[in-house]
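Asks: Dropping in upload_3.txt, which is compact mmCIF, C-alpha atoms:
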```txt
# COMPACT_ATOMS: atom_id res chain seq x y z
CA MET A 199 0.00 0.00 0.00
CA LYS A 200 1.31 3.44 -0.85
CA ASN A 201 2.04 5.70 2.07
CA ARG A 202 -0.32 8.58 1.47
CA SER A 203 -1.11 11.00 4.23
CA ARG A 204 -2.95 14.29 4.09
CA HIS A 205 -3.92 16.77 6.71
CA TYR A 206 -7.60 17.71 6.80
CA ALA A 207 -8.87 20.83 8.52
CA HIS A 208 -12.03 19.01 9.60
CA ALA A 209 -10.68 15.50 10.02
CA PRO A 210 -13.62 13.28 11.02
CA ILE A 211 -11.72 11.50 13.82
CA THR A 212 -13.97 10.72 16.77
CA GLU A 213 -11.44 8.53 18.54
CA ALA A 214 -7.81 7.53 18.13
CA VAL A 215 -6.47 4.51 19.98
CA ILE A 216 -3.05 2.99 20.58
CA ALA A 217 -3.29 -0.40 22.23
CA PHE A 218 -0.65 -2.86 23.44
CA HIS A 219 -1.08 -6.37 24.75
CA CYS A 220 1.89 -7.35 26.86
CA GLU A 221 3.46 -10.37 28.38
CA GLU A 222 3.19 -9.27 31.96
CA SER A 223 5.89 -9.68 34.53
CA ASN A 224 5.12 -12.17 37.25
CA GLU A 225 5.19 -9.53 39.94
CA SER A 226 2.82 -7.07 38.25
CA THR A 227 -0.30 -6.43 40.30
CA LEU A 228 -3.27 -4.12 40.57
CA GLY A 229 -1.30 -2.19 43.14
CA ASP A 230 1.18 -1.29 40.40
CA ILE A 231 -1.64 0.09 38.26
CA LEU A 232 -2.80 2.16 41.21
CA GLN A 233 0.70 3.59 41.47
CA VAL A 234 0.57 4.52 37.78
CA ALA A 235 -2.76 6.26 38.41
CA ALA A 236 -1.30 8.08 41.39
CA GLN A 237 1.69 9.29 39.39
CA LEU A 238 -0.53 10.63 36.60
CA LYS A 239 -3.24 11.98 38.87
CA ASP A 240 -2.63 15.65 38.04
CA ASP A 241 -3.46 15.11 34.37
CA TYR A 242 -5.75 12.11 34.80
CA PRO A 243 -7.76 12.81 37.94
CA LYS A 244 -10.67 10.47 37.17
CA ARG A 245 -10.41 6.78 37.88
CA SER A 246 -12.77 3.85 37.44
CA ASP A 247 -12.45 0.09 37.52
CA VAL A 248 -11.83 -2.15 34.56
CA ALA A 249 -13.87 -5.15 35.61
CA GLN A 250 -14.32 -8.66 34.36
CA VAL A 251 -17.54 -10.50 35.05
CA GLN A 252 -17.52 -14.26 35.08
CA PHE A 253 -20.52 -16.55 34.85
CA ARG A 254 -20.50 -20.23 35.63
CA LEU A 255 -23.39 -22.28 34.40
CA ASP A 256 -23.80 -25.76 35.76
CA THR A 257 -25.79 -27.66 33.18
CA ALA A 258 -26.44 -30.48 35.65
CA VAL A 259 -28.40 -28.20 37.94
CA PRO A 260 -30.98 -26.14 36.05
CA GLN A 261 -31.05 -22.43 36.91
CA SER A 262 -27.80 -22.58 38.80
CA SER A 263 -25.35 -19.87 37.97
CA ASN A 264 -22.54 -18.14 39.68
CA ALA A 265 -21.47 -14.64 38.87
CA GLY A 266 -18.39 -12.89 40.10
CA ARG A 267 -17.13 -9.39 39.36
CA GLU A 268 -13.41 -8.95 39.46
CA THR A 269 -11.44 -5.75 39.08
CA ILE A 270 -8.64 -6.48 36.61
CA GLY A 271 -7.35 -2.94 36.12
CA TYR A 272 -8.17 0.74 36.15
CA LYS A 273 -9.24 3.32 33.67
CA ILE A 274 -7.92 6.82 34.20
CA ALA A 275 -9.26 9.87 32.41
CA SER A 276 -8.37 13.52 31.99
CA GLY A 277 -10.60 16.13 33.58
CA ASP A 278 -12.60 16.58 30.37
CA GLU A 279 -12.69 12.76 29.92
CA LYS A 280 -11.37 13.05 26.37
CA SER A 281 -8.02 11.38 27.03
CA ILE A 282 -8.40 7.94 28.58
CA ALA A 283 -5.99 5.17 29.49
CA ALA A 284 -7.26 1.69 30.32
CA LEU A 285 -4.56 -0.22 32.17
CA THR A 286 -4.35 -3.81 33.32
CA PRO A 287 -1.21 -5.81 34.10
CA SER A 288 -1.30 -7.21 30.56
CA THR A 289 -2.92 -4.48 28.46
CA PHE A 290 -2.30 -0.81 27.80
CA THR A 291 -4.83 1.21 25.85
CA PHE A 292 -4.63 4.94 25.31
CA SER A 293 -7.41 6.73 23.51
CA ARG A 294 -8.25 10.27 22.60
CA LEU A 295 -11.80 11.36 21.82
CA ALA A 296 -12.62 14.35 19.62
CA PRO A 297 -11.36 17.00 19.28
CA TYR A 298 -8.20 15.41 17.97
CA ASP A 299 -5.18 17.66 17.54
CA ARG A 300 -2.49 15.83 15.60
CA TRP A 301 -0.63 12.56 15.52
CA GLU A 302 2.51 13.85 17.22
CA THR A 303 0.58 15.23 20.19
CA PHE A 304 -1.46 12.06 20.53
CA ARG A 305 1.49 9.68 20.20
CA ASP A 306 3.71 11.64 22.58
CA GLU A 307 1.02 11.69 25.27
CA ALA A 308 0.39 7.97 24.79
CA ARG A 309 4.11 7.38 25.16
CA ARG A 310 4.27 9.48 28.34
CA VAL A 311 1.48 7.43 29.90
CA TRP A 312 3.16 4.24 28.67
CA SER A 313 6.40 5.27 30.37
CA ALA A 314 4.59 5.56 33.70
CA TYR A 315 2.86 2.23 33.07
CA ALA A 316 6.10 0.47 32.12
CA SER A 317 8.01 1.88 35.08
CA PHE A 318 5.63 0.21 37.53
CA CYS A 319 4.35 -2.85 35.63
CA HIS A 320 7.57 -3.85 33.83
CA PRO A 321 5.96 -5.67 30.87
CA ARG A 322 8.41 -8.19 29.42
CA THR A 323 7.44 -7.93 25.77
CA VAL A 324 4.65 -6.53 23.63
CA THR A 325 2.63 -9.28 21.94
CA ARG A 326 0.08 -7.20 20.08
CA VAL A 327 0.12 -3.62 18.79
CA GLY A 328 -2.91 -1.81 17.46
CA VAL A 329 -3.47 1.65 16.02
CA ARG A 330 -7.14 2.39 15.53
CA TYR A 331 -8.87 5.47 14.19
CA ILE A 332 -12.63 5.77 14.30
CA ASN A 333 -13.90 8.32 11.82
CA ARG A 334 -17.45 9.61 11.68
CA VAL A 335 -18.29 11.22 8.36
CA ASP A 336 -21.37 13.44 8.59
CA ILE A 337 -22.91 13.49 5.13
CA PRO A 338 -25.47 16.20 4.30
CA ASP A 339 -28.95 14.85 3.62
CA PRO A 340 -31.08 17.99 3.45
CA HIS A 341 -34.22 16.26 2.18
CA GLY A 342 -33.99 13.14 4.31
CA ALA A 343 -33.87 10.96 1.23
CA GLY A 344 -30.78 9.06 2.35
CA VAL A 345 -27.32 9.09 0.82
CA ASP A 346 -25.56 6.80 -1.60
CA LEU A 347 -22.55 5.42 0.27
CA ASP A 348 -20.74 4.75 -3.02
CA VAL A 349 -20.52 8.48 -3.59
CA TYR A 350 -18.53 8.90 -0.38
CA PHE A 351 -16.74 5.60 0.15
CA ARG A 352 -14.78 3.36 -2.17
CA THR A 353 -15.05 0.50 0.30
CA ALA A 354 -18.70 -0.05 1.16
CA PRO A 355 -21.38 -2.75 1.20
CA ARG A 356 -22.74 -3.63 -2.22
CA ILE A 357 -26.32 -4.81 -2.75
CA ALA A 358 -27.58 -6.72 -5.79
CA SER A 359 -29.44 -4.33 -8.06
CA GLU A 360 -32.62 -6.46 -7.91
CA LEU A 361 -32.87 -5.82 -4.17
CA PRO A 362 -34.02 -2.67 -2.39
CA GLN A 363 -31.10 -0.29 -2.17
CA ALA A 364 -32.31 1.58 0.91
CA MET A 365 -30.55 0.17 3.97
CA LYS A 366 -32.21 0.41 7.37
CA ALA A 367 -28.96 -0.51 9.06
CA TYR A 368 -25.62 -1.86 7.94
CA PHE A 369 -22.51 -3.36 9.43
CA PHE A 370 -19.64 -4.03 7.08
CA ARG A 371 -16.33 -5.51 8.20
CA VAL A 372 -13.32 -6.84 6.36
CA GLU A 373 -9.86 -7.92 7.49
CA LEU A 374 -7.08 -7.36 5.00
CA PRO A 375 -3.44 -8.43 5.24
CA ILE A 376 -0.74 -5.78 5.38
CA GLN A 377 2.95 -6.38 4.75
CA ARG A 378 4.84 -3.58 6.50
CA PRO A 379 4.50 -4.50 9.28
CA ASN A 380 3.19 -8.01 8.84
CA GLY A 381 -0.31 -7.73 10.22
CA ILE A 382 -3.90 -7.00 9.36
CA VAL A 383 -6.09 -4.00 8.95
CA ILE A 384 -9.68 -4.32 10.08
CA ILE A 385 -12.06 -1.98 8.28
CA THR A 386 -15.50 -1.60 9.79
CA GLU A 387 -18.25 0.58 8.39
CA THR A 388 -21.57 1.13 10.07
CA GLY A 389 -24.15 3.79 10.67
CA VAL A 390 -24.68 5.69 13.91
CA PRO A 391 -27.41 8.11 14.93
CA PRO A 392 -26.91 11.41 13.08
CA ALA A 393 -24.74 13.96 14.82
CA ALA A 394 -27.01 16.80 13.68
CA PRO A 395 -30.32 17.25 11.87
CA ASN A 396 -30.29 16.63 8.13
CA VAL A 397 -27.12 14.58 8.08
CA VAL A 398 -26.39 10.89 7.79
CA SER A 399 -23.50 9.80 9.98
CA ALA A 400 -21.32 6.99 8.68
CA ILE A 401 -18.52 5.34 10.63
CA LEU A 402 -15.25 4.37 8.98
CA ASP A 403 -13.31 2.46 11.63
CA ILE A 404 -9.76 1.47 10.69
CA ASP A 405 -7.80 -0.76 13.06
CA ALA A 406 -4.28 -1.69 11.98
CA VAL A 407 -2.86 -4.53 14.06
CA VAL A 408 0.18 -6.75 14.44
CA GLN A 409 -0.27 -9.69 16.77
CA ASN A 410 1.43 -12.89 17.93
CA VAL A 411 4.73 -11.04 18.14
CA GLN A 412 7.37 -10.59 20.80
CA LEU A 413 8.50 -7.00 20.56
CA GLY A 414 10.69 -4.91 22.79
CA VAL A 415 9.45 -1.46 23.73
CA GLU A 416 11.29 0.45 21.00
CA ASP A 417 10.25 -2.03 18.33
CA ALA A 418 6.65 -1.79 19.53
CA TRP A 419 6.66 2.00 19.14
CA GLY A 420 8.29 1.56 15.76
CA ALA A 421 5.39 -0.70 14.82
CA VAL A 422 3.01 2.01 15.99
CA GLU A 423 4.50 4.42 13.45
CA GLN A 424 4.27 1.84 10.67
CA LEU A 425 0.70 0.96 11.54
CA ARG A 426 -0.23 4.62 11.55
CA ASN A 427 1.14 4.93 8.00
CA GLU A 428 -0.89 1.89 6.95
CA LYS A 429 -3.97 3.34 8.59
CA ASN A 430 -3.53 6.61 6.69
CA ALA A 431 -3.14 4.77 3.41
CA VAL A 432 -6.28 2.75 4.07
CA PHE A 433 -8.25 5.87 4.94
CA GLU A 434 -7.20 7.62 1.74
CA ALA A 435 -8.03 4.53 -0.28
CA CYS A 436 -11.46 4.15 1.28
CA ILE A 437 -12.81 7.67 0.77
CA THR A 438 -13.77 9.54 -2.38
CA ASP A 439 -13.23 13.16 -3.37
CA ALA A 440 -16.80 13.86 -2.21
CA THR A 441 -15.73 12.95 1.33
CA ARG A 442 -12.53 14.96 0.99
CA GLU A 443 -14.62 18.01 0.12
CA LEU A 444 -16.61 17.50 3.33
CA ILE A 445 -13.58 17.34 5.60
CA GLU A 446 -11.15 19.76 3.95
CA MET B 247 -46.71 -21.31 -4.00
CA ALA B 248 -49.38 -18.63 -4.11
CA CYS B 249 -52.71 -19.65 -2.72
CA VAL B 250 -56.04 -17.91 -3.21
CA LEU B 251 -58.65 -18.51 -0.56
CA PRO B 252 -62.30 -19.09 -1.51
CA TYR B 253 -64.20 -15.85 -1.12
CA HIS B 254 -66.63 -17.25 1.48
CA GLN B 255 -63.72 -17.82 3.85
CA LEU B 256 -62.58 -14.24 3.73
CA ASP B 257 -63.17 -12.38 6.96
CA TYR B 258 -62.83 -8.75 6.00
CA GLU B 259 -62.95 -7.36 9.51
CA ASN B 260 -60.21 -9.62 10.77
CA ALA B 261 -58.21 -8.97 7.63
CA GLU B 262 -58.43 -5.26 8.34
CA ARG B 263 -57.40 -5.88 11.91
CA ARG B 264 -54.37 -7.77 10.75
CA ARG B 265 -53.46 -5.06 8.27
CA TYR B 266 -53.97 -2.10 10.59
CA PRO B 267 -53.54 -3.35 14.17
CA ALA B 268 -52.65 0.11 15.41
CA ILE B 269 -55.92 1.63 14.16
CA PHE B 270 -57.81 -1.09 15.98
CA ARG B 271 -55.64 -0.38 19.05
CA GLU B 272 -54.37 -3.94 19.09
CA ALA B 273 -50.78 -2.85 18.69
CA PRO B 274 -48.92 0.40 19.26
CA SER B 275 -48.65 2.71 16.28
CA SER B 276 -45.29 3.59 14.81
CA ARG B 277 -45.68 7.00 16.43
CA GLN B 278 -46.17 5.38 19.82
CA LEU B 279 -43.27 3.04 19.23
CA GLY B 280 -40.92 5.77 18.12
CA PRO B 281 -37.63 4.65 16.57
CA GLN B 282 -37.53 0.88 16.33
CA PRO B 283 -35.13 -0.91 18.68
CA LEU B 284 -32.08 -2.29 16.97
CA ASP B 285 -31.98 -5.89 15.96
CA GLU B 286 -30.16 -7.98 18.57
CA ILE B 287 -27.54 -9.31 16.16
CA TYR B 288 -26.81 -5.83 14.87
CA ARG B 289 -26.56 -4.63 18.46
CA ASP B 290 -24.08 -7.41 19.23
CA GLN B 291 -22.01 -6.38 16.24
CA LEU B 292 -21.90 -2.83 17.55
CA LEU B 293 -20.95 -4.22 20.94
CA SER B 294 -17.97 -5.99 19.38
CA LEU B 295 -16.63 -2.57 18.38
CA THR B 296 -16.50 -1.38 21.98
CA VAL B 297 -13.28 -3.29 22.65
CA ASP B 298 -10.62 -0.62 23.24
CA SER B 299 -13.00 2.13 22.15
CA ARG B 300 -14.61 4.62 24.49
CA TYR B 301 -16.49 6.15 21.55
CA PHE B 302 -18.25 2.88 20.72
CA GLU B 303 -18.71 2.05 24.39
CA LEU B 304 -20.70 5.26 24.70
CA GLU B 305 -22.51 4.66 21.40
CA HIS B 306 -23.67 1.35 22.82
CA VAL B 307 -24.87 3.03 26.01
CA TYR B 308 -26.83 5.61 24.03
CA THR B 309 -28.34 3.03 21.71
CA ARG B 310 -29.75 1.31 24.79
CA LEU B 311 -30.93 4.61 26.26
CA ARG B 312 -32.75 5.58 23.08
CA ASP B 313 -34.47 2.19 23.07
CA GLN B 314 -35.47 2.71 26.71
CA LEU B 315 -36.83 6.15 25.89
CA ALA B 316 -38.82 4.81 22.94
CA ALA B 317 -40.28 2.13 25.20
CA LEU B 318 -41.63 4.81 27.56
CA ARG B 319 -44.17 5.73 24.87
CA LEU B 320 -45.83 2.36 25.44
CA LEU B 321 -46.44 2.86 29.14
CA PRO B 322 -50.06 3.19 30.20
CA ASP B 323 -51.20 5.42 33.04
CA GLY B 324 -50.86 3.53 36.30
CA TRP B 325 -47.76 1.74 35.01
CA ASP B 326 -46.41 1.42 38.56
CA GLY B 327 -49.49 -0.41 39.80
CA TYR B 328 -50.73 2.76 41.50
CA CYS B 329 -51.67 6.03 39.86
CA ALA B 330 -48.47 7.11 38.11
CA VAL B 331 -49.12 9.11 34.96
CA ALA B 332 -47.33 7.85 31.84
CA PRO B 333 -44.65 10.09 30.31
CA ASN B 334 -46.12 12.31 27.61
CA GLU B 335 -44.61 13.61 24.39
CA VAL B 336 -43.41 16.81 26.10
CA SER B 337 -41.21 15.01 28.60
CA ILE B 338 -40.06 12.40 26.09
CA ASP B 339 -39.13 15.06 23.56
CA ILE B 340 -37.12 17.07 26.09
CA ALA B 341 -35.43 13.91 27.37
CA SER B 342 -34.56 12.98 23.80
CA ARG B 343 -32.88 16.32 23.20
CA ALA B 344 -31.11 16.05 26.55
CA ILE B 345 -29.71 12.67 25.49
CA ASP B 346 -28.19 14.29 22.41
CA VAL B 347 -26.58 16.98 24.57
CA LEU B 348 -25.25 14.42 27.06
CA ARG B 349 -23.85 12.34 24.20
CA LYS B 350 -21.81 15.29 22.98
CA ALA B 351 -20.51 15.76 26.53
CA ASN B 352 -19.46 12.08 26.67
CA ALA B 353 -21.67 11.60 29.72
CA ASP B 354 -22.36 8.02 30.75
CA PRO B 355 -25.96 7.70 32.00
CA THR B 356 -27.09 4.46 33.58
CA ALA B 357 -30.71 4.33 32.45
CA ILE B 358 -33.81 6.22 31.41
CA LEU B 359 -36.79 5.49 33.60
CA PRO B 360 -40.34 6.78 33.92
CA ALA B 361 -41.00 9.17 36.77
CA ALA B 362 -43.74 8.43 39.27
CA ASP B 363 -44.86 12.07 39.07
CA GLY B 364 -45.23 11.82 35.29
CA GLY B 365 -42.24 12.29 33.07
CA ALA B 366 -38.91 10.72 32.21
CA GLY B 367 -35.70 10.65 34.20
CA ILE B 368 -32.12 10.18 33.06
CA CYS B 369 -30.21 8.39 35.83
CA PHE B 370 -26.52 8.33 36.69
CA MET B 371 -24.73 6.07 39.16
CA LYS B 372 -21.13 5.76 40.22
CA ASP B 373 -20.11 3.64 43.17
CA GLU B 374 -22.47 4.76 45.95
CA HIS B 375 -23.43 8.07 44.34
CA TYR B 376 -26.69 8.54 42.48
CA ALA B 377 -28.11 11.41 40.45
CA HIS B 378 -30.88 11.99 37.96
CA ILE B 379 -32.34 14.69 35.79
CA GLU B 380 -36.12 14.41 35.66
CA PHE B 381 -38.17 15.92 32.86
CA GLY B 382 -41.79 16.37 33.88
CA ASN B 383 -44.82 16.17 31.65
CA SER B 384 -45.32 19.91 32.22
CA GLY B 385 -41.92 20.68 30.66
CA GLU B 386 -40.19 21.44 33.96
CA ALA B 387 -36.89 19.78 34.81
CA TRP B 388 -35.38 18.93 38.19
CA ALA B 389 -32.10 17.40 39.25
CA LEU B 390 -31.39 15.28 42.30
CA MET B 391 -28.13 13.97 43.75
CA TYR B 392 -27.46 11.88 46.80
CA GLY B 393 -24.80 9.63 48.21
CA PRO B 394 -23.51 7.97 51.36
CA SER B 395 -22.47 11.27 52.92
CA GLY B 396 -24.09 14.70 53.02
CA PRO B 397 -27.69 15.64 52.50
CA PRO B 398 -29.42 15.06 49.15
CA GLN B 399 -29.28 18.02 46.78
CA THR B 400 -32.11 18.94 44.45
CA TRP B 401 -32.70 21.93 42.24
CA GLN B 402 -34.89 23.04 39.37
CA LEU B 403 -33.31 23.68 36.00
CA GLY B 404 -33.98 27.19 34.76
CA SER B 405 -34.26 25.89 31.23
CA THR B 406 -34.03 22.66 29.30
CA ASN B 407 -31.82 24.05 26.55
CA ALA B 408 -28.40 22.61 25.72
CA ASP B 409 -26.50 25.02 27.98
CA ALA B 410 -28.67 24.18 31.00
CA ILE B 411 -28.33 20.44 30.42
CA THR B 412 -24.55 20.76 30.00
CA ALA B 413 -24.26 22.82 33.19
CA THR B 414 -26.37 20.28 35.09
CA TRP B 415 -24.24 17.42 33.81
CA THR B 416 -21.06 19.25 34.83
CA ARG B 417 -22.38 19.58 38.38
CA ILE B 418 -23.58 15.97 38.51
CA ASN B 419 -20.31 14.69 37.09
CA ALA B 420 -18.31 16.55 39.72
CA TYR B 421 -20.54 15.03 42.41
CA LEU B 422 -20.23 11.49 41.02
CA GLN B 423 -16.45 11.81 40.93
CA SER B 424 -16.25 13.19 44.47
```
Show the structure stored in the file as structure tokens.
Replies:
Amino acid sequence: MKNRSRHYAHAPITEAVIAFHCEESNESTLGDILQVAAQLKDDYPKRSDVAQVQFRLDTAVPQSSNAGRETIGYKIASGDEKSIAALTPSTFTFSRLAPYDRWETFRDEARRVWSAYASFCHPRTVTRVGVRYINRVDIPDPHGAGVDLDVYFRTAPRIASELPQAMKAYFFRVELPIQRPNGIVIITETGVPPAAPNVVSAILDIDAVVQNVQLGVEDAWGAVEQLRNEKNAVFEACITDATRELIE
Amino acid sequence: MACVLPYHQLDYENAERRRYPAIFREAPSSRQLGPQPLDEIYRDQLLSLTVDSRYFELEHVYTRLRDQLAALRLLPDGWDGYCAVAPNEVSIDIASRAIDVLRKANADPTAILPAADGGAGICFMKDEHYAHIEFGNSGEAWALMYGPSGPPQTWQLGSTNADAITATWTRINAYLQS
């Protein structure tokens, strides 16, 4: 895929995510995550649990079930709740909701939070790296007649011409291989409630991932840069000039 | 295979009932139903997107809230087994607009429930703290907050416009985080 990247004045990014799965050190505990939260408290004052709920169904005894809620990590958020880090001993996820400034700002802040995380949790290696951008394109629909997705997207669901072309809802997902780095890009398109009257809001979710790897920290951040380039190329390939006009 | 019934078996009244159940008050009209709830499979697909994404996590919350709000249109008077008045279009419409405002603020409501006094309430919970904004059938709006310490706080919103809802959410959010 060609590396094509453009800056758009009204980039439709609703969320940007950098996510690592790690091979955790044996000593890493929830207490370490709490120390990360304490260190970053000035910039990330809000904290909530990341919980895992487990159900056990015993088929031998009808209606018997056992549920347990376990805290497996913590989510910390900035005062405006637009920058969020979800931390467990084996996962690091940093996300930024709109408004999104620029890649360098986002990446550097993610890396700062990662440094705090790594200093307490000491992950051995990174086993999965993901760079995900969720774009919401708000397409004008002044008469409420609907919009033709093909006008705005070059990757979109296609319906046989004999069938009704008006979609009530859609969910379109493909996984494509990428070579540099060796991974996949997951493209998901779906509709969401309109962000304003007389528009149709369409999601273009691009998640570039490498997994089943054993990367050191520097290599993992190198993969982040490569995945970001792949993500940009996919975005440019998926949209049409009609979309570019909307976001320029 | 198409099948034509003999004419003497046709029951026109029942046929009309089947065609227009809402007119015969045997089913809610599309107006009463409001936006149709999402198909379960489609909802599960949306849920799959919430992994690592706060945006989709919130989208999922608001999809559920909008379904809950639409369901309020089906409530009859006396829905609580006593004399509670069902939410009317005034309260549902204001609550609907409030949901849009809260969505833009990335608020995370817990549920939308009918109010015993007539109206709809948007509820928030965090740990042992609770708050709600209640939109009455008369168009008035009130907020309530309470928790394990301190007296409950309640106040009337001066308006139900976007600024007033945002300001109320800011105050509630600060309380929930306290």
Asks: To one decimal place in Å, what is the distance between atom CA of B:Leu295 and atom CA of A:Val234?
Replies: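 Atom CA of A:Val234 lies 26.9 Å from atom CA of B:Leu295.
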Asks: Have a look at A:Gln233, A:Thr388, A:Gln250, A:Ser359 and name the one nearest to chain B; count only C-alpha atoms.
Replies: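 Residue with the minimum atom-to-atom distance to chain B: A:Thr388.
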Asks: Give me the chain A side of the contact with chain B, cut-off 10 Å, one line per residue showing its nearest atom pair and distance in Å at one decimal, counting all atoms listed in the file, sorted by chain and residue number, as JSON lines.
Replies:
```
{"residue": "A:Thr212", "atom": "CA", "partner": "B:Tyr301", "partner_atom": "CA", "distance": 7.1}
{"residue": "A:Glu213", "atom": "CA", "partner": "B:Tyr301", "partner_atom": "CA", "distance": 6.3}
{"residue": "A:Ala214", "atom": "CA", "partner": "B:Ser299", "partner_atom": "CA", "distance": 8.5}
{"residue": "A:Val215", "atom": "CA", "partner": "B:Ser299", "partner_atom": "CA", "distance": 7.3}
{"residue": "A:Ile216", "atom": "CA", "partner": "B:Asp298", "partner_atom": "CA", "distance": 8.8}
{"residue": "A:Ala217", "atom": "CA", "partner": "B:Asp298", "partner_atom": "CA", "distance": 7.4}
{"residue": "A:Pro243", "atom": "CA", "partner": "B:Gln423", "partner_atom": "CA", "distance": 9.2}
{"residue": "A:Lys244", "atom": "CA", "partner": "B:Gln423", "partner_atom": "CA", "distance": 7.0}
{"residue": "A:Arg245", "atom": "CA", "partner": "B:Gln423", "partner_atom": "CA", "distance": 8.4}
{"residue": "A:Ser246", "atom": "CA", "partner": "B:Lys372", "partner_atom": "CA", "distance": 9.0}
{"residue": "A:Gly277", "atom": "CA", "partner": "B:Ala420", "partner_atom": "CA", "distance": 9.9}
{"residue": "A:Asp278", "atom": "CA", "partner": "B:Ala351", "partner_atom": "CA", "distance": 8.8}
{"residue": "A:Glu279", "atom": "CA", "partner": "B:Asn352", "partner_atom": "CA", "distance": 7.5}
{"residue": "A:Lys280", "atom": "CA", "partner": "B:Asn352", "partner_atom": "CA", "distance": 8.2}
{"residue": "A:Ser281", "atom": "CA", "partner": "B:Arg300", "partner_atom": "CA", "distance": 9.8}
{"residue": "A:Ile282", "atom": "CA", "partner": "B:Arg300", "partner_atom": "CA", "distance": 8.1}
{"residue": "A:Ala283", "atom": "CA", "partner": "B:Asp298", "partner_atom": "CA", "distance": 9.7}
{"residue": "A:Ala284", "atom": "CA", "partner": "B:Asp298", "partner_atom": "CA", "distance": 8.2}
{"residue": "A:Phe290", "atom": "CA", "partner": "B:Asp298", "partner_atom": "CA", "distance": 9.5}
{"residue": "A:Thr291", "atom": "CA", "partner": "B:Asp298", "partner_atom": "CA", "distance": 6.6}
{"residue": "A:Phe292", "atom": "CA", "partner": "B:Asp298", "partner_atom": "CA", "distance": 8.4}
{"residue": "A:Ser293", "atom": "CA", "partner": "B:Ser299", "partner_atom": "CA", "distance": 7.4}
{"residue": "A:Arg294", "atom": "CA", "partner": "B:Arg300", "partner_atom": "CA", "distance": 8.7}
{"residue": "A:Leu295", "atom": "CA", "partner": "B:Tyr301", "partner_atom": "CA", "distance": 7.0}
{"residue": "A:Ala296", "atom": "CA", "partner": "B:Tyr301", "partner_atom": "CA", "distance": 9.3}
{"residue": "A:Gly328", "atom": "CA", "partner": "B:Asp298", "partner_atom": "CA", "distance": 9.7}
{"residue": "A:Arg330", "atom": "CA", "partner": "B:Ser299", "partner_atom": "CA", "distance": 8.8}
{"residue": "A:Tyr331", "atom": "CA", "partner": "B:Ser299", "partner_atom": "CA", "distance": 9.6}
{"residue": "A:Ile332", "atom": "CA", "partner": "B:Tyr301", "partner_atom": "CA", "distance": 8.2}
{"residue": "A:Lys366", "atom": "CA", "partner": "B:Leu284", "partner_atom": "CA", "distance": 10.0}
{"residue": "A:Ala367", "atom": "CA", "partner": "B:Tyr288", "partner_atom": "CA", "distance": 8.2}
{"residue": "A:Tyr368", "atom": "CA", "partner": "B:Tyr288", "partner_atom": "CA", "distance": 8.1}
{"residue": "A:Phe369", "atom": "CA", "partner": "B:Tyr288", "partner_atom": "CA", "distance": 7.4}
{"residue": "A:Phe370", "atom": "CA", "partner": "B:Gln291", "partner_atom": "CA", "distance": 9.7}
{"residue": "A:Arg371", "atom": "CA", "partner": "B:Gln291", "partner_atom": "CA", "distance": 9.9}
{"residue": "A:Thr386", "atom": "CA", "partner": "B:Leu295", "partner_atom": "CA", "distance": 8.7}
{"residue": "A:Thr388", "atom": "CA", "partner": "B:Leu292", "partner_atom": "CA", "distance": 8.5}
{"residue": "A:Gly389", "atom": "CA", "partner": "B:Leu292", "partner_atom": "CA", "distance": 9.8}
{"residue": "A:Val390", "atom": "CA", "partner": "B:Glu305", "partner_atom": "CA", "distance": 7.9}
{"residue": "A:Pro391", "atom": "CA", "partner": "B:Thr309", "partner_atom": "CA", "distance": 8.5}
{"residue": "A:Pro392", "atom": "CA", "partner": "B:Asp346", "partner_atom": "CA", "distance": 9.8}
{"residue": "A:Ala393", "atom": "CA", "partner": "B:Asp346", "partner_atom": "CA", "distance": 8.3}
{"residue": "A:Ala394", "atom": "CA", "partner": "B:Asp346", "partner_atom": "CA", "distance": 9.2}
{"residue": "A:Asp403", "atom": "CA", "partner": "B:Leu295", "partner_atom": "CA", "distance": 9.0}
```
Asks: Write out as a short mmCIF file (atom, residue, chain, number, x, y, z; two decimals) with C-alpha atoms, in the frame of the given file each polymer residue whose atoms come within 12 Å of B:Ala361, counting only C-alpha atoms; drop sequence neighbours fewer than 3 positions from it.
Replies:
```
data_model
loop_
_atom_site.label_atom_id
_atom_site.label_comp_id
_atom_site.auth_asym_id
_atom_site.auth_seq_id
_atom_site.Cartn_x
_atom_site.Cartn_y
_atom_site.Cartn_z
CA LEU B 318 -41.63 4.81 27.56
CA LEU B 321 -46.44 2.86 29.14
CA ASP B 323 -51.20 5.42 33.04
CA GLY B 324 -50.86 3.53 36.30
CA TRP B 325 -47.76 1.74 35.01
CA ASP B 326 -46.41 1.42 38.56
CA CYS B 329 -51.67 6.03 39.86
CA ALA B 330 -48.47 7.11 38.11
CA VAL B 331 -49.12 9.11 34.96
CA ALA B 332 -47.33 7.85 31.84
CA PRO B 333 -44.65 10.09 30.31
CA ASN B 334 -46.12 12.31 27.61
CA SER B 337 -41.21 15.01 28.60
CA ILE B 338 -40.06 12.40 26.09
CA ALA B 341 -35.43 13.91 27.37
CA ILE B 358 -33.81 6.22 31.41
CA GLY B 364 -45.23 11.82 35.29
CA GLY B 365 -42.24 12.29 33.07
CA ALA B 366 -38.91 10.72 32.21
CA GLY B 367 -35.70 10.65 34.20
CA ILE B 368 -32.12 10.18 33.06
CA CYS B 369 -30.21 8.39 35.83
CA HIS B 378 -30.88 11.99 37.96
CA ILE B 379 -32.34 14.69 35.79
CA GLU B 380 -36.12 14.41 35.66
CA PHE B 381 -38.17 15.92 32.86
CA GLY B 382 -41.79 16.37 33.88
CA ASN B 383 -44.82 16.17 31.65
CA ALA B 387 -36.89 19.78 34.81
CA TRP B 388 -35.38 18.93 38.19
#
```
